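See below for the structure under consideration.
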Amino acid sequence: MATVSTGIPTESSFMNLKEIELESIRSEIRELMIPNEQPAAAFKTVRDQVVFTNKRILVINVQGVTGKKVSYFTYPYSKVQYFGVETAGLMDIDSELVLVFSDGARLTFDFRASVDVRGISRLIADVVL
């Protein structure tokens with residue numbers, strides 16, 4: 001099965017996504033949104049961000065030492081074939097969201113244990129189902 005790279009390293013709990021306020025999303029993200037698109041949840045690593053809207057998932061990957069090079073990836077919910085979540089356990093340091101798209105591509109996000117992945121699952125289900 002193909003793997004879609006988000007460009008976000010998730011090798012350790014330090015790099016797992018933590019939730020941020022919607023007001024904290026990068027300013028240019030709102031410029032990328034279409035009419036009637038609203039951010040619903042946002043997460044970040046040190047410099048990178050993931051924004052879940054009511055239409056898609058936006059992945060923002062800040063690159064290089066200066067951070068001037070930025071990649072923007074869009075993953076529309078309309079292409080999601082199925083998805084699942086794995087919650088953090090007693091000894092787990094993270095929870096996980098996996099989305100599989102109609103072309104077989106697979107997208108995985110690792111979140112800090114404190115993130116409500118069930119809430120993210122409800123958000124996606126509300127749009128996909």
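Going by the structure tokens order, chains are called A, B, ..., each with residues numbered from 1, while ligands are numbered from 1 in the order shown.
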
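For chain A, the set of residues given alpha helix (DSSP H) by DSSP on the backbone reads Ser27, Glu28, Ile29, Arg30, Glu31, Leu32, Val117, Arg118, Gly119, Ile120, Ser121, Arg122, Leu123, Ile124, Ala125, Asp126, Val127 and Val128 of chain A.
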
Writing out the chosen residues with C-alpha atoms as a short mmCIF file (atom, residue, chain, number, x, y, z; two decimals), in the first residue's frame:
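Everything below was put into out_19.cif:
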```cif
data_model
loop_
_atom_site.label_atom_id
_atom_site.label_comp_id
_atom_site.auth_asym_id
_atom_site.auth_seq_id
_atom_site.Cartn_x
_atom_site.Cartn_y
_atom_site.Cartn_z
CA SER A 27 -1.79 33.46 8.76
CA GLU A 28 -1.42 32.27 5.17
CA ILE A 29 -3.62 29.23 5.84
CA ARG A 30 -6.76 31.33 5.79
CA GLU A 31 -5.72 32.64 2.37
CA LEU A 32 -5.67 29.04 1.08
CA VAL A 117 -8.32 11.55 18.80
CA ARG A 118 -11.91 10.40 19.22
CA GLY A 119 -12.97 14.01 18.65
CA ILE A 120 -10.88 14.13 15.48
CA SER A 121 -12.49 10.87 14.40
CA ARG A 122 -15.96 12.39 14.92
CA LEU A 123 -14.93 15.44 12.88
CA ILE A 124 -13.81 13.25 9.97
CA ALA A 125 -16.83 10.93 10.25
CA ASP A 126 -19.15 13.92 10.14
CA VAL A 127 -17.70 14.92 6.76
CA VAL A 128 -16.89 11.51 5.24
#
```

Please, which residues of segment 39-85 of chain A, numbered as in this document, come out strand (DSSP E) from DSSP, as an NGL selection string?
:A and (39-44 or 49-53 or 56-63 or 69-76 or 80-85)

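Omitting Phe43 of chain A and its sequence neighbours fewer than 3 positions away, and counting only C-alpha atoms, the residues within 7 Å are Leu17, Lys18, Glu19, Ile20, Gln49, Val50 and Val51 of chain A.
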
Please provide as a PDB file with N, CA and C atoms, in the first residue's frame all residues within 9 Å of segment 63-67 of chain A, with the sequence filter that same-chain residues fewer than 2 positions apart are discarded (counting only C-alpha atoms).
```pdb
ATOM      1  N   ARG A  47       7.633  23.544  14.267  1.00  0.00           N
ATOM      2  CA  ARG A  47       7.329  24.573  13.269  1.00  0.00           C
ATOM      3  C   ARG A  47       6.201  24.188  12.332  1.00  0.00           C
ATOM      4  N   ASP A  48       5.937  22.909  12.174  1.00  0.00           N
ATOM      5  CA  ASP A  48       4.942  22.419  11.225  1.00  0.00           C
ATOM      6  C   ASP A  48       3.549  22.453  11.840  1.00  0.00           C
ATOM      7  N   ASN A  61       4.415  22.172   6.084  1.00  0.00           N
ATOM      8  CA  ASN A  61       5.745  21.687   6.427  1.00  0.00           C
ATOM      9  C   ASN A  61       6.742  22.818   6.214  1.00  0.00           C
ATOM     10  N   LYS A  69      11.205  28.326   3.270  1.00  0.00           N
ATOM     11  CA  LYS A  69      10.615  27.359   2.341  1.00  0.00           C
ATOM     12  C   LYS A  69       9.514  26.610   3.092  1.00  0.00           C
ATOM     13  N   VAL A  70       8.302  26.668   2.541  1.00  0.00           N
ATOM     14  CA  VAL A  70       7.150  26.047   3.188  1.00  0.00           C
ATOM     15  C   VAL A  70       6.395  25.234   2.147  1.00  0.00           C
ATOM     16  N   SER A  71       6.049  23.997   2.507  1.00  0.00           N
ATOM     17  CA  SER A  71       5.230  23.144   1.643  1.00  0.00           C
ATOM     18  C   SER A  71       3.822  23.078   2.220  1.00  0.00           C
TER      19      SER A  71
END
```

Which residues are near Asp110 of chain A? Cut-off 8 Å, only C-alpha atoms, ignore same chain within fewer than 4 positions. Put them as a PDB file with N, CA and C atoms, in the first residue's frame.
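Below you can see selection_31.pdb, which holds the result:
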```
ATOM      1  N   THR A  10       7.693  12.201  12.843  1.00  0.00           N
ATOM      2  CA  THR A  10       6.976  11.776  14.048  1.00  0.00           C
ATOM      3  C   THR A  10       7.711  10.627  14.699  1.00  0.00           C
ATOM      4  N   ASN A  16       5.536  14.655  18.252  1.00  0.00           N
ATOM      5  CA  ASN A  16       4.121  14.366  18.076  1.00  0.00           C
ATOM      6  C   ASN A  16       3.323  15.661  18.067  1.00  0.00           C
ATOM      7  N   LEU A  17       2.225  15.641  17.353  1.00  0.00           N
ATOM      8  CA  LEU A  17       1.388  16.827  17.213  1.00  0.00           C
ATOM      9  C   LEU A  17       0.681  17.165  18.520  1.00  0.00           C
ATOM     10  N   ASP A  94       1.753   8.242  22.667  1.00  0.00           N
ATOM     11  CA  ASP A  94       1.036   8.927  21.614  1.00  0.00           C
ATOM     12  C   ASP A  94      -0.218   8.177  21.205  1.00  0.00           C
ATOM     13  N   SER A  95      -1.077   8.892  20.476  1.00  0.00           N
ATOM     14  CA  SER A  95      -2.235   8.284  19.843  1.00  0.00           C
ATOM     15  C   SER A  95      -2.064   8.519  18.340  1.00  0.00           C
ATOM     16  N   GLU A  96      -2.862   7.833  17.561  1.00  0.00           N
ATOM     17  CA  GLU A  96      -2.606   7.824  16.124  1.00  0.00           C
ATOM     18  C   GLU A  96      -3.905   7.928  15.337  1.00  0.00           C
ATOM     19  N   LEU A  97      -3.835   8.643  14.218  1.00  0.00           N
ATOM     20  CA  LEU A  97      -4.919   8.717  13.247  1.00  0.00           C
ATOM     21  C   LEU A  97      -4.380   8.193  11.929  1.00  0.00           C
TER      22      LEU A  97
END
```
